[in-house]
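Peer 1: Hey, dropping target.pdb in here, PDB, C-alpha atoms:
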ATOM      1  CA  MET C  14      58.150-184.053 -75.152
ATOM      2  CA  ARG C  15      61.197-185.239 -77.076
ATOM      3  CA  ARG C  16      62.621-186.706 -73.873
ATOM      4  CA  VAL C  17      59.397-188.654 -73.185
ATOM      5  CA  LEU C  18      59.304-189.987 -76.747
ATOM      6  CA  PHE C  19      62.965-191.005 -76.542
ATOM      7  CA  ALA C  20      62.348-192.797 -73.231
ATOM      8  CA  LEU C  21      59.416-194.741 -74.708
ATOM      9  CA  LEU C  22      61.414-195.748 -77.777
ATOM     10  CA  PHE C  23      64.342-196.799 -75.602
ATOM     11  CA  ALA C  24      62.060-198.924 -73.384
ATOM     12  CA  ALA C  25      60.485-200.544 -76.461
ATOM     13  CA  PHE C  26      63.949-201.349 -77.778
ATOM     14  CA  LEU C  27      64.996-202.977 -74.493
ATOM     15  CA  LEU C  28      61.778-204.988 -73.994
ATOM     16  CA  PRO C  29      62.547-207.810 -76.475
ATOM     17  CA  VAL C  30      66.029-208.191 -74.986
ATOM     18  CA  ALA C  31      64.585-208.561 -71.491
ATOM     19  CA  ARG C  32      62.037-211.050 -72.837
ATOM     20  CA  ALA C  33      64.717-213.128 -74.541
ATOM     21  CA  ASP C  34      66.662-213.383 -71.279
ATOM     22  CA  GLU C  35      63.626-214.332 -69.204
ATOM     23  CA  ALA C  36      63.814-217.707 -67.429
ATOM     24  CA  TYR C  37      60.964-220.230 -67.483
ATOM     25  CA  THR C  38      60.291-223.251 -65.285
ATOM     26  CA  LEU C  39      58.328-226.215 -66.597
ATOM     27  CA  LYS C  40      56.854-228.200 -63.709
ATOM     28  CA  PHE C  41      56.530-231.685 -65.157
ATOM     29  CA  SER C  42      54.852-234.735 -63.596
ATOM     30  CA  THR C  43      55.051-238.468 -64.269
ATOM     31  CA  LEU C  44      53.940-241.690 -62.637
ATOM     32  CA  ALA C  45      57.311-243.214 -63.563
ATOM     33  CA  PRO C  46      59.277-244.178 -60.430
ATOM     34  CA  LEU C  47      62.741-242.792 -59.792
ATOM     35  CA  GLY C  48      65.374-245.005 -61.395
ATOM     36  CA  SER C  49      62.990-246.422 -64.009
ATOM     37  CA  THR C  50      63.764-246.302 -67.738
ATOM     38  CA  TRP C  51      61.073-243.683 -68.265
ATOM     39  CA  MET C  52      62.207-241.414 -65.435
ATOM     40  CA  ASN C  53      65.872-241.624 -66.465
ATOM     41  CA  ILE C  54      65.096-240.594 -70.038
ATOM     42  CA  ILE C  55      62.814-237.746 -68.948
ATOM     43  CA  THR C  56      65.577-236.516 -66.616
ATOM     44  CA  ASP C  57      68.027-236.572 -69.531
ATOM     45  CA  TRP C  58      65.526-234.533 -71.547
ATOM     46  CA  ALA C  59      65.234-231.957 -68.773
ATOM     47  CA  ASN C  60      69.015-231.643 -68.501
ATOM     48  CA  LYS C  61      69.395-231.243 -72.266
ATOM     49  CA  VAL C  62      66.778-228.487 -72.456
ATOM     50  CA  GLU C  63      68.371-226.578 -69.594
ATOM     51  CA  LYS C  64      71.823-226.891 -71.165
ATOM     52  CA  GLU C  65      70.797-225.931 -74.704
ATOM     53  CA  SER C  66      68.671-223.014 -73.481
ATOM     54  CA  LYS C  67      71.561-221.834 -71.278
ATOM     55  CA  GLY C  68      69.288-221.977 -68.259
ATOM     56  CA  ARG C  69      66.399-220.024 -69.803
ATOM     57  CA  LEU C  70      64.122-223.086 -69.662
ATOM     58  CA  LYS C  71      64.358-225.451 -66.709
ATOM     59  CA  PHE C  72      62.323-228.473 -65.635
ATOM     60  CA  LYS C  73      61.129-229.204 -62.137
ATOM     61  CA  LEU C  74      60.358-232.917 -62.201
ATOM     62  CA  TYR C  75      57.779-234.667 -60.029
ATOM     63  CA  GLY C  76      58.251-238.428 -60.414
ATOM     64  CA  GLY C  77      56.769-241.545 -58.868
ATOM     65  CA  GLY C  78      53.214-240.260 -58.803
ATOM     66  CA  ILE C  79      53.851-237.786 -55.969
ATOM     67  CA  THR C  80      51.456-235.333 -57.622
ATOM     68  CA  GLY C  81      48.684-237.945 -57.662
ATOM     69  CA  ASP C  82      46.972-240.102 -60.260
ATOM     70  CA  GLU C  83      46.733-238.766 -63.819
ATOM     71  CA  PRO C  84      43.284-237.154 -63.367
ATOM     72  CA  ASP C  85      44.736-235.311 -60.333
ATOM     73  CA  VAL C  86      47.695-234.141 -62.426
ATOM     74  CA  LEU C  87      45.395-232.848 -65.160
ATOM     75  CA  ARG C  88      43.431-230.827 -62.624
ATOM     76  CA  LYS C  89      46.692-229.302 -61.359
ATOM     77  CA  ILE C  90      47.725-228.451 -64.915
ATOM     78  CA  ARG C  91      44.423-226.695 -65.530
ATOM     79  CA  PHE C  92      44.885-224.715 -62.302
ATOM     80  CA  GLY C  93      48.415-223.759 -63.374
ATOM     81  CA  GLN C  94      50.167-225.639 -60.547
ATOM     82  CA  ILE C  95      51.936-227.904 -63.071
ATOM     83  CA  GLN C  96      52.596-227.188 -66.739
ATOM     84  CA  GLY C  97      53.258-230.615 -68.261
ATOM     85  CA  ALA C  98      53.252-234.364 -67.765
ATOM     86  CA  ALA C  99      54.132-237.731 -69.229
ATOM     87  CA  MET C 100      50.691-239.290 -69.609
ATOM     88  CA  THR C 101      49.578-242.837 -70.332
ATOM     89  CA  GLY C 102      46.491-243.579 -72.384
ATOM     90  CA  HIS C 103      44.323-243.200 -69.286
ATOM     91  CA  GLY C 104      45.275-239.552 -68.825
ATOM     92  CA  ILE C 105      45.277-238.918 -72.559
ATOM     93  CA  GLY C 106      41.664-240.044 -72.646
ATOM     94  CA  TYR C 107      40.683-237.046 -70.530
ATOM     95  CA  ILE C 108      42.298-234.697 -73.073
ATOM     96  CA  TYR C 109      41.641-236.184 -76.510
ATOM     97  CA  SER C 110      40.024-239.597 -76.188
ATOM     98  CA  PRO C 111      40.082-240.599 -79.913
ATOM     99  CA  THR C 112      43.851-241.125 -79.500
ATOM    100  CA  ARG C 113      43.020-244.292 -77.615
ATOM    101  CA  VAL C 114      41.915-246.054 -80.785
ATOM    102  CA  LEU C 115      45.560-247.161 -80.689
ATOM    103  CA  GLU C 116      44.818-248.975 -77.403
ATOM    104  CA  ILE C 117      41.830-251.017 -78.551
ATOM    105  CA  PRO C 118      42.399-254.552 -77.169
ATOM    106  CA  PHE C 119      43.271-257.398 -79.550
ATOM    107  CA  LEU C 120      43.888-255.050 -82.492
ATOM    108  CA  PHE C 121      47.656-255.209 -83.068
ATOM    109  CA  ARG C 122      50.008-258.154 -83.380
ATOM    110  CA  SER C 123      53.325-256.307 -83.496
ATOM    111  CA  TYR C 124      54.999-252.961 -82.897
ATOM    112  CA  GLU C 125      55.453-252.599 -86.664
ATOM    113  CA  GLU C 126      51.672-252.608 -87.027
ATOM    114  CA  VAL C 127      51.329-250.100 -84.198
ATOM    115  CA  ASP C 128      53.866-247.760 -85.806
ATOM    116  CA  HIS C 129      52.208-247.935 -89.218
ATOM    117  CA  VAL C 130      48.700-247.113 -88.000
ATOM    118  CA  ARG C 131      49.930-244.427 -85.604
ATOM    119  CA  ALA C 132      51.816-242.656 -88.416
ATOM    120  CA  LYS C 133      48.593-242.507 -90.437
ATOM    121  CA  LEU C 134      46.654-240.947 -87.558
ATOM    122  CA  MET C 135      49.295-238.743 -85.937
ATOM    123  CA  PRO C 136      48.493-235.423 -87.727
ATOM    124  CA  GLU C 137      44.900-235.427 -86.479
ATOM    125  CA  ILE C 138      45.991-236.653 -83.035
ATOM    126  CA  ARG C 139      48.369-233.692 -82.668
ATOM    127  CA  GLU C 140      45.669-231.302 -83.799
ATOM    128  CA  GLY C 141      43.196-232.871 -81.371
ATOM    129  CA  PHE C 142      45.537-232.153 -78.465
ATOM    130  CA  ARG C 143      46.022-228.532 -79.602
ATOM    131  CA  GLN C 144      42.276-227.990 -79.795
ATOM    132  CA  ASN C 145      42.011-229.233 -76.217
ATOM    133  CA  GLY C 146      44.698-227.045 -74.690
ATOM    134  CA  PHE C 147      47.823-229.196 -74.959
ATOM    135  CA  GLU C 148      50.924-229.470 -77.114
ATOM    136  CA  LEU C 149      52.044-233.043 -77.806
ATOM    137  CA  VAL C 150      55.822-232.569 -77.816
ATOM    138  CA  GLY C 151      56.717-236.272 -77.817
ATOM    139  CA  TRP C 152      55.137-239.685 -78.277
ATOM    140  CA  MET C 153      55.833-242.655 -76.036
ATOM    141  CA  GLU C 154      54.251-245.914 -74.976
ATOM    142  CA  VAL C 155      54.314-248.285 -72.025
ATOM    143  CA  GLY C 156      54.248-251.319 -74.327
ATOM    144  CA  PHE C 157      52.106-254.391 -74.796
ATOM    145  CA  ILE C 158      49.965-255.075 -71.740
ATOM    146  CA  GLN C 159      49.865-258.498 -70.027
ATOM    147  CA  LEU C 160      47.777-260.075 -67.252
ATOM    148  CA  PHE C 161      49.488-260.709 -63.882
ATOM    149  CA  SER C 162      47.498-262.980 -61.580
ATOM    150  CA  ARG C 163      47.554-265.058 -58.368
ATOM    151  CA  THR C 164      46.510-268.177 -60.296
ATOM    152  CA  PRO C 165      47.001-269.043 -63.982
ATOM    153  CA  ILE C 166      44.522-267.552 -66.446
ATOM    154  CA  TYR C 167      43.708-269.463 -69.626
ATOM    155  CA  SER C 168      40.319-268.041 -70.637
ATOM    156  CA  LEU C 169      37.663-265.416 -70.049
ATOM    157  CA  GLU C 170      35.970-267.894 -67.727
ATOM    158  CA  ASP C 171      39.120-267.898 -65.584
ATOM    159  CA  MET C 172      39.112-264.093 -65.606
ATOM    160  CA  ARG C 173      35.523-264.023 -64.348
ATOM    161  CA  LYS C 174      36.707-265.766 -61.172
ATOM    162  CA  ARG C 175      39.383-263.172 -60.477
ATOM    163  CA  ARG C 176      39.329-259.769 -58.760
ATOM    164  CA  ILE C 177      40.818-257.768 -61.626
ATOM    165  CA  TRP C 178      41.996-254.193 -61.334
ATOM    166  CA  LEU C 179      40.392-251.549 -63.543
ATOM    167  CA  TRP C 180      41.967-248.095 -63.632
ATOM    168  CA  GLN C 181      39.278-246.033 -61.950
ATOM    169  CA  GLY C 182      37.349-243.846 -64.363
ATOM    170  CA  ASP C 183      38.718-245.500 -67.512
ATOM    171  CA  PRO C 184      35.992-245.682 -70.219
ATOM    172  CA  LEU C 185      38.033-247.935 -72.508
ATOM    173  CA  GLY C 186      38.710-250.504 -69.795
ATOM    174  CA  THR C 187      35.097-250.306 -68.633
ATOM    175  CA  ALA C 188      33.804-250.938 -72.174
ATOM    176  CA  PHE C 189      36.082-253.942 -72.675
ATOM    177  CA  PHE C 190      35.272-255.537 -69.317
ATOM    178  CA  SER C 191      31.561-254.960 -69.870
ATOM    179  CA  ALA C 192      31.699-256.531 -73.344
ATOM    180  CA  SER C 193      33.560-259.491 -71.811
ATOM    181  CA  GLY C 194      31.041-260.006 -69.011
ATOM    182  CA  LEU C 195      33.665-259.191 -66.343
ATOM    183  CA  SER C 196      33.221-257.275 -63.084
ATOM    184  CA  PRO C 197      36.534-255.557 -62.271
ATOM    185  CA  VAL C 198      37.579-253.621 -59.161
ATOM    186  CA  PRO C 199      38.026-249.895 -60.006
ATOM    187  CA  LEU C 200      40.990-248.257 -58.219
ATOM    188  CA  PRO C 201      43.426-245.385 -58.795
ATOM    189  CA  ILE C 202      46.786-246.644 -60.038
ATOM    190  CA  THR C 203      48.393-245.339 -56.848
ATOM    191  CA  GLU C 204      46.441-247.941 -54.815
ATOM    192  CA  VAL C 205      47.230-251.041 -56.901
ATOM    193  CA  PHE C 206      50.306-252.263 -55.008
ATOM    194  CA  THR C 207      48.599-252.004 -51.617
ATOM    195  CA  SER C 208      45.454-253.663 -52.970
ATOM    196  CA  LEU C 209      47.486-256.585 -54.343
ATOM    197  CA  SER C 210      49.053-256.940 -50.899
ATOM    198  CA  THR C 211      45.734-256.946 -49.037
ATOM    199  CA  GLY C 212      43.922-259.163 -51.544
ATOM    200  CA  LEU C 213      41.392-256.510 -52.567
ATOM    201  CA  ILE C 214      42.526-257.435 -56.075
ATOM    202  CA  ASP C 215      44.374-260.564 -57.196
ATOM    203  CA  THR C 216      44.920-259.728 -60.867
ATOM    204  CA  THR C 217      46.277-256.667 -62.614
ATOM    205  CA  ILE C 218      47.343-255.582 -66.085
ATOM    206  CA  ALA C 219      50.686-254.021 -66.946
ATOM    207  CA  PRO C 220      53.556-254.187 -69.405
ATOM    208  CA  PRO C 221      56.460-256.295 -68.098
ATOM    209  CA  LEU C 222      58.620-253.205 -67.528
ATOM    210  CA  GLY C 223      55.824-251.464 -65.654
ATOM    211  CA  ALA C 224      55.154-254.482 -63.448
ATOM    212  CA  ILE C 225      58.808-254.410 -62.387
ATOM    213  CA  ALA C 226      59.104-250.636 -62.028
ATOM    214  CA  LEU C 227      55.985-250.497 -59.830
ATOM    215  CA  GLN C 228      56.907-253.736 -58.002
ATOM    216  CA  TRP C 229      53.527-255.266 -58.817
ATOM    217  CA  PHE C 230      55.175-258.482 -60.021
ATOM    218  CA  THR C 231      56.187-259.328 -56.422
ATOM    219  CA  LYS C 232      52.562-260.192 -55.591
ATOM    220  CA  PRO C 233      50.922-262.213 -58.433
ATOM    221  CA  PRO C 234      53.224-265.096 -59.508
ATOM    222  CA  TYR C 235      51.664-265.747 -62.952
ATOM    223  CA  MET C 236      51.803-263.772 -66.192
ATOM    224  CA  THR C 237      49.600-264.535 -69.181
ATOM    225  CA  ASN C 238      52.102-263.999 -71.976
ATOM    226  CA  ILE C 239      49.521-262.944 -74.568
ATOM    227  CA  PRO C 240      49.558-259.210 -75.389
ATOM    228  CA  ILE C 241      46.168-257.655 -74.734
ATOM    229  CA  MET C 242      46.786-254.169 -76.099
ATOM    230  CA  ASP C 243      49.535-251.619 -76.696
ATOM    231  CA  GLY C 244      49.610-248.992 -73.953
ATOM    232  CA  VAL C 245      50.241-245.528 -75.419
ATOM    233  CA  GLY C 246      51.564-242.349 -73.869
ATOM    234  CA  GLY C 247      52.646-238.805 -74.591
ATOM    235  CA  LEU C 248      54.857-235.977 -73.378
ATOM    236  CA  LEU C 249      52.388-233.123 -72.965
ATOM    237  CA  VAL C 250      52.716-229.432 -72.173
ATOM    238  CA  SER C 251      49.800-227.082 -71.594
ATOM    239  CA  SER C 252      49.183-224.745 -74.519
ATOM    240  CA  LYS C 253      49.061-221.813 -72.113
ATOM    241  CA  PHE C 254      52.623-222.470 -70.975
ATOM    242  CA  PHE C 255      53.908-223.474 -74.417
ATOM    243  CA  ASP C 256      52.477-220.357 -76.070
ATOM    244  CA  SER C 257      54.068-218.153 -73.393
ATOM    245  CA  LEU C 258      57.544-219.292 -74.438
ATOM    246  CA  PRO C 259      59.630-217.366 -76.984
ATOM    247  CA  LYS C 260      59.702-219.052 -80.390
ATOM    248  CA  ASP C 261      63.226-220.391 -79.961
ATOM    249  CA  LEU C 262      62.301-222.124 -76.694
ATOM    250  CA  GLN C 263      59.137-223.523 -78.269
ATOM    251  CA  GLU C 264      61.231-225.028 -81.043
ATOM    252  CA  LEU C 265      63.765-226.348 -78.531
ATOM    253  CA  LEU C 266      61.049-228.005 -76.427
ATOM    254  CA  ARG C 267      59.348-229.485 -79.482
ATOM    255  CA  ARG C 268      62.593-230.783 -81.063
ATOM    256  CA  THR C 269      64.003-232.298 -77.881
ATOM    257  CA  GLY C 270      60.574-233.677 -76.963
ATOM    258  CA  GLU C 271      60.402-235.494 -80.308
ATOM    259  CA  GLU C 272      63.907-236.862 -79.766
ATOM    260  CA  THR C 273      62.984-237.980 -76.258
ATOM    261  CA  GLY C 274      59.847-239.702 -77.550
ATOM    262  CA  VAL C 275      61.872-241.639 -80.122
ATOM    263  CA  ARG C 276      64.286-242.720 -77.407
ATOM    264  CA  LEU C 277      61.450-243.656 -75.040
ATOM    265  CA  LEU C 278      59.843-245.832 -77.713
ATOM    266  CA  ALA C 279      63.067-247.668 -78.512
ATOM    267  CA  GLU C 280      64.248-248.170 -74.929
ATOM    268  CA  THR C 281      60.810-249.062 -73.572
ATOM    269  CA  ARG C 282      60.421-251.780 -76.177
ATOM    270  CA  ARG C 283      63.931-253.060 -75.521
ATOM    271  CA  ASP C 284      63.500-253.030 -71.740
ATOM    272  CA  ASN C 285      60.093-254.694 -71.911
ATOM    273  CA  GLU C 286      61.802-257.567 -73.721
ATOM    274  CA  LYS C 287      64.590-257.671 -71.121
ATOM    275  CA  SER C 288      61.998-257.556 -68.349
ATOM    276  CA  LEU C 289      60.644-260.940 -69.395
ATOM    277  CA  THR C 290      63.974-262.487 -68.360
ATOM    278  CA  VAL C 291      63.945-260.582 -65.061
ATOM    279  CA  LEU C 292      60.412-261.769 -64.312
ATOM    280  CA  LYS C 293      61.384-265.391 -64.976
ATOM    281  CA  GLN C 294      64.446-265.040 -62.772
ATOM    282  CA  ASN C 295      62.208-263.781 -59.977
ATOM    283  CA  GLY C 296      59.892-266.771 -60.118
ATOM    284  CA  VAL C 297      57.067-265.478 -62.313
ATOM    285  CA  THR C 298      55.517-268.332 -64.319
ATOM    286  CA  PHE C 299      54.457-267.560 -67.889
ATOM    287  CA  THR C 300      51.375-269.104 -69.486
ATOM    288  CA  THR C 301      50.793-268.926 -73.244
ATOM    289  CA  GLU C 302      47.747-271.137 -73.714
ATOM    290  CA  TRP C 303      44.441-269.345 -74.390
ATOM    291  CA  LYS C 304      41.286-271.435 -74.773
ATOM    292  CA  ASP C 305      38.904-268.866 -76.281
ATOM    293  CA  LYS C 306      38.855-268.526 -80.077
ATOM    294  CA  ASP C 307      40.342-265.445 -81.728
ATOM    295  CA  SER C 308      36.970-264.796 -83.353
ATOM    296  CA  ASP C 309      35.342-264.630 -79.896
ATOM    297  CA  MET C 310      37.919-262.112 -78.679
ATOM    298  CA  PHE C 311      37.529-260.028 -81.851
ATOM    299  CA  ALA C 312      33.760-259.985 -81.336
ATOM    300  CA  ILE C 313      34.285-258.658 -77.789
ATOM    301  CA  ARG C 314      36.693-256.045 -79.162
ATOM    302  CA  ASP C 315      34.164-254.840 -81.728
ATOM    303  CA  ARG C 316      31.347-254.722 -79.155
ATOM    304  CA  ALA C 317      33.530-252.613 -76.878
ATOM    305  CA  ALA C 318      34.448-250.335 -79.802
ATOM    306  CA  ALA C 319      30.754-249.921 -80.637
ATOM    307  CA  ASP C 320      30.004-248.860 -77.058
ATOM    308  CA  LEU C 321      32.897-246.392 -77.125
ATOM    309  CA  ALA C 322      31.604-244.970 -80.413
ATOM    310  CA  LYS C 323      28.103-244.620 -79.004
ATOM    311  CA  SER C 324      29.429-242.533 -76.133
ATOM    312  CA  GLY C 325      31.614-240.449 -78.468
ATOM    313  CA  TYR C 326      34.806-241.571 -76.734
ATOM    314  CA  ILE C 327      36.316-243.123 -79.890
ATOM    315  CA  PRO C 328      34.414-242.261 -83.103
ATOM    316  CA  ALA C 329      33.304-245.243 -85.187
ATOM    317  CA  ASP C 330      34.819-243.855 -88.391
ATOM    318  CA  LEU C 331      38.219-243.497 -86.695
ATOM    319  CA  TYR C 332      38.116-247.111 -85.526
ATOM    320  CA  GLU C 333      37.220-248.236 -89.055
ATOM    321  CA  ARG C 334      40.054-246.163 -90.553
ATOM    322  CA  ALA C 335      42.505-247.662 -88.072
ATOM    323  CA  LYS C 336      41.352-251.187 -88.967
ATOM    324  CA  LYS C 337      41.578-250.429 -92.703
ATOM    325  CA  ALA C 338      45.120-249.090 -92.325
ATOM    326  CA  LEU C 339      45.976-252.277 -90.453
ATOM    327  CA  VAL C 340      44.416-254.551 -93.078
ATOM    328  CA  ASP C 341      46.227-252.676 -95.863
ATOM    329  CA  TYR C 342      49.530-252.962 -94.007
ATOM    330  CA  ARG C 343      49.120-256.698 -93.454
ATOM    331  CA  ALA C 344      48.194-257.228 -97.119
ATOM    332  CA  HIS C 345      51.201-255.225 -98.291
ATOM    333  CA  LYS C 346      53.520-257.020 -95.909
ATOM    334  CA  GLY C 347      52.142-260.383 -97.020
ATOM    335  CA  ASN C 348      52.696-259.562-100.682
ATOM    336  CA  ARG C 349      56.192-258.309 -99.938
ATOM    337  CA  ASN C 350      57.085-261.542 -98.157
ATOM    338  CA  LYS C 351      55.954-263.766-101.025
TER     339      LYS C 351
END
Would you encode the structure as structure tokens?

Peer 2:
Amino acid sequence: MRRVLFALLFAAFLLPVARADEAYTLKFSTLAPLGSTWMNIITDWANKVEKESKGRLKFKLYGGGITGDEPDVLRKIRFGQIQGAAMTGHGIGYIYSPTRVLEIPFLFRSYEEVDHVRAKLMPEIREGFRQNGFELVGWMEVGFIQLFSRTPIYSLEDMRKRRIWLWQGDPLGTAFFSASGLSPVPLPITEVFTSLSTGLIDTTIAPPLGAIALQWFTKPPYMTNIPIMDGVGGLLVSSKFFDSLPKDLQELLRRTGEETGVRLLAETRRDNEKSLTVLKQNGVTFTTEWKDKDSDMFAIRDRAAADLAKSGYIPADLYERAKKALVDYRAHKGNRNK
């Protein structure tokens, strides 16, 4: 009996040691193409985690959309085939849609405004992800979105004549186009380049860096240089996988994810600015004239927000809080500059 008890105690003593030495693999997906700013930074993150964990936590990266569009990736995460992903606002909307209040069109004028409002909302955004089965380990963005078109666009009337891409299944885009009286062409993001080539669509939306990384800019020769919205994103890991990690690896993943998000924000913004020069050098013509009044565009924005609130996609009170934080920031900044 003493021998059995001793064996059990010895096994219990060894168990935590075996657990601490256990290796974990995080299968991580992204639409970012190989060689892009986003993919390079995510690869650096993976290498850092593996090095600091001494090989106990490794990434297996799937870049360039090889695991499918973001809804496909989310299905694979829920089936346990993948454990994490870098998601844009489209994918985020399937997890915790209120986050996309930060993507409401014609809301922000600058990244400083974006940062201020996001900081106010971030605690509840993080909690929203946790309640829906994900850990937000880092924040990122794709940047301010522009129109790329076959012919110049100066107004909503011009847009109504175009075959504009809508990310298939995107409630926010659908609400905005509906409020604008536009009839877009819904497609998965993986079909945009081919559809630009065949003429199924002749206009798309993207940040400058994204248009270059995905080679979309090689088809439509005009860019409307008026930011429509700020495209958000996040570095996400399923709660099931995250909670299975020992505490030290959880902290490592969270700390390095935060650091990676900060780097992604800074370098994405910098490279989006640099991309404007690259686009010009490659023959893209910029247009900056917009004929519709700001008040008309703001009315469309608010109609779209009302529809999104009605469906429960972005609660009305959250939209109002975001606008109030923005108004307060602008008032404070105005007073400070006097």

Peer 1: Please list as a list in words every residue within 8 Å of stretch 143-151 of chain C, counting all atoms listed in the file and excluding residues in the same chain fewer than 5 positions away.

Peer 2: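 Once the adjacent positions are removed, what remains is Ile108, Tyr109, Gly247, Leu248, Leu249, Val250, Ser251, Ser252, Lys253, Phe255, Leu266, Arg267, Arg268, Gly270, Glu271, Glu272, Thr273, Gly274 and Val275 of chain C.
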
Peer 1: Write out as an NGL selection string which residues come within 7 Å of stretch 294-300 of chain C when counting all atoms listed in the file, dropping same-chain ones fewer than 2 positions away.

Peer 2: :C and (234-238 or 290-292 or 302)

Peer 1: Tell me, as a PyMOL selection string, which residues lie within 12 Å of C:Ala279, counting only C-alpha atoms; anything in the same chain fewer than 2 positions away does not count.

Peer 2: chain C and resi 50-51+54+124+128+152-156+272-277+281-286

Peer 1: Could you pull the residues within 9 Å of C:Ala219, counting all atoms listed in the file, minus those fewer than 2 positions along the same chain, as an MDAnalysis selection string?

Peer 2: chainID C and resid 155:161 217 221:224 229 244

Peer 1: For each of C:Trp303, C:Ser308, C:Ser324, C:Ile313, take the minimum atom-to-atom distance to C:Pro165, counting only C-alpha atoms, then give the residue where this is smallest.

Peer 2: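 Residue with the minimum atom-to-atom distance to C:Pro165: C:Trp303.
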
Peer 1: Take the PyMOL selection byres ((chain C and resi 39-45) around 8), run it mentally on this structure, and tell me the resulting residues as a PDB file with C-alpha atoms, in the coordinates of the input.

Peer 2:
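This went into expr24.pdb:
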ATOM      1  CA  TYR C  37      60.964-220.230 -67.483  1.00  0.00           C
ATOM      2  CA  THR C  38      60.291-223.251 -65.285  1.00  0.00           C
ATOM      3  CA  PRO C  46      59.277-244.178 -60.430  1.00  0.00           C
ATOM      4  CA  LEU C  47      62.741-242.792 -59.792  1.00  0.00           C
ATOM      5  CA  SER C  49      62.990-246.422 -64.009  1.00  0.00           C
ATOM      6  CA  TRP C  51      61.073-243.683 -68.265  1.00  0.00           C
ATOM      7  CA  MET C  52      62.207-241.414 -65.435  1.00  0.00           C
ATOM      8  CA  LEU C  70      64.122-223.086 -69.662  1.00  0.00           C
ATOM      9  CA  LYS C  71      64.358-225.451 -66.709  1.00  0.00           C
ATOM     10  CA  PHE C  72      62.323-228.473 -65.635  1.00  0.00           C
ATOM     11  CA  LYS C  73      61.129-229.204 -62.137  1.00  0.00           C
ATOM     12  CA  LEU C  74      60.358-232.917 -62.201  1.00  0.00           C
ATOM     13  CA  TYR C  75      57.779-234.667 -60.029  1.00  0.00           C
ATOM     14  CA  GLY C  76      58.251-238.428 -60.414  1.00  0.00           C
ATOM     15  CA  GLY C  77      56.769-241.545 -58.868  1.00  0.00           C
ATOM     16  CA  GLY C  78      53.214-240.260 -58.803  1.00  0.00           C
ATOM     17  CA  ILE C  79      53.851-237.786 -55.969  1.00  0.00           C
ATOM     18  CA  THR C  80      51.456-235.333 -57.622  1.00  0.00           C
ATOM     19  CA  ASP C  82      46.972-240.102 -60.260  1.00  0.00           C
ATOM     20  CA  GLU C  83      46.733-238.766 -63.819  1.00  0.00           C
ATOM     21  CA  VAL C  86      47.695-234.141 -62.426  1.00  0.00           C
ATOM     22  CA  GLN C  94      50.167-225.639 -60.547  1.00  0.00           C
ATOM     23  CA  ILE C  95      51.936-227.904 -63.071  1.00  0.00           C
ATOM     24  CA  GLN C  96      52.596-227.188 -66.739  1.00  0.00           C
ATOM     25  CA  GLY C  97      53.258-230.615 -68.261  1.00  0.00           C
ATOM     26  CA  ALA C  98      53.252-234.364 -67.765  1.00  0.00           C
ATOM     27  CA  ALA C  99      54.132-237.731 -69.229  1.00  0.00           C
ATOM     28  CA  MET C 100      50.691-239.290 -69.609  1.00  0.00           C
ATOM     29  CA  ALA C 226      59.104-250.636 -62.028  1.00  0.00           C
TER      30      ALA C 226
END

Peer 1: Measuring atom to atom with all atoms listed in the file, identify which of C:Trp58, C:Trp180, C:Phe189, C:Tyr342 is nearest to C:Arg131.

Peer 2: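 Checking each of C:Trp58, C:Trp180, C:Phe189, C:Tyr342 against C:Arg131, counting all atoms listed in the file, the winner is C:Tyr342.
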
Peer 1: Draw an axis-aligned box tight on the listed atoms of stretch 251-262 of chain C, then pad every side by 6 Å and write out centre and edge lengths in Å to one decimal as AutoDock Vina command-line options.

Peer 2:
--center_x 56.1 --center_y -222.2 --center_z -75.7 --size_x 26.2 --size_y 21.7 --size_z 21.4

Peer 1: Can you work out which one of C:Ala132, C:Leu289, C:Ala319, C:Val340 has the shortest atom-to-atom distance to C:Ser191, counting all atoms listed in the file?

Peer 2: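 Result for the nearest residue to C:Ser191: C:Ala319.
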
Peer 1: Which polymer residues have any atom within 8 Å of an atom of stretch 198-211 of chain C, counting only C-alpha atoms, with same-chain residues fewer than 3 positions away left out, as a PyMOL selection string?

Peer 2: chain C and resi 78+81-82+176-182+214-216+227-229+232-233

Peer 1: Calculate how many Å separate atom CA of C:Gly104 from atom CA of C:Gly246, rounding to one decimal.

Peer 2: 8.5 Å
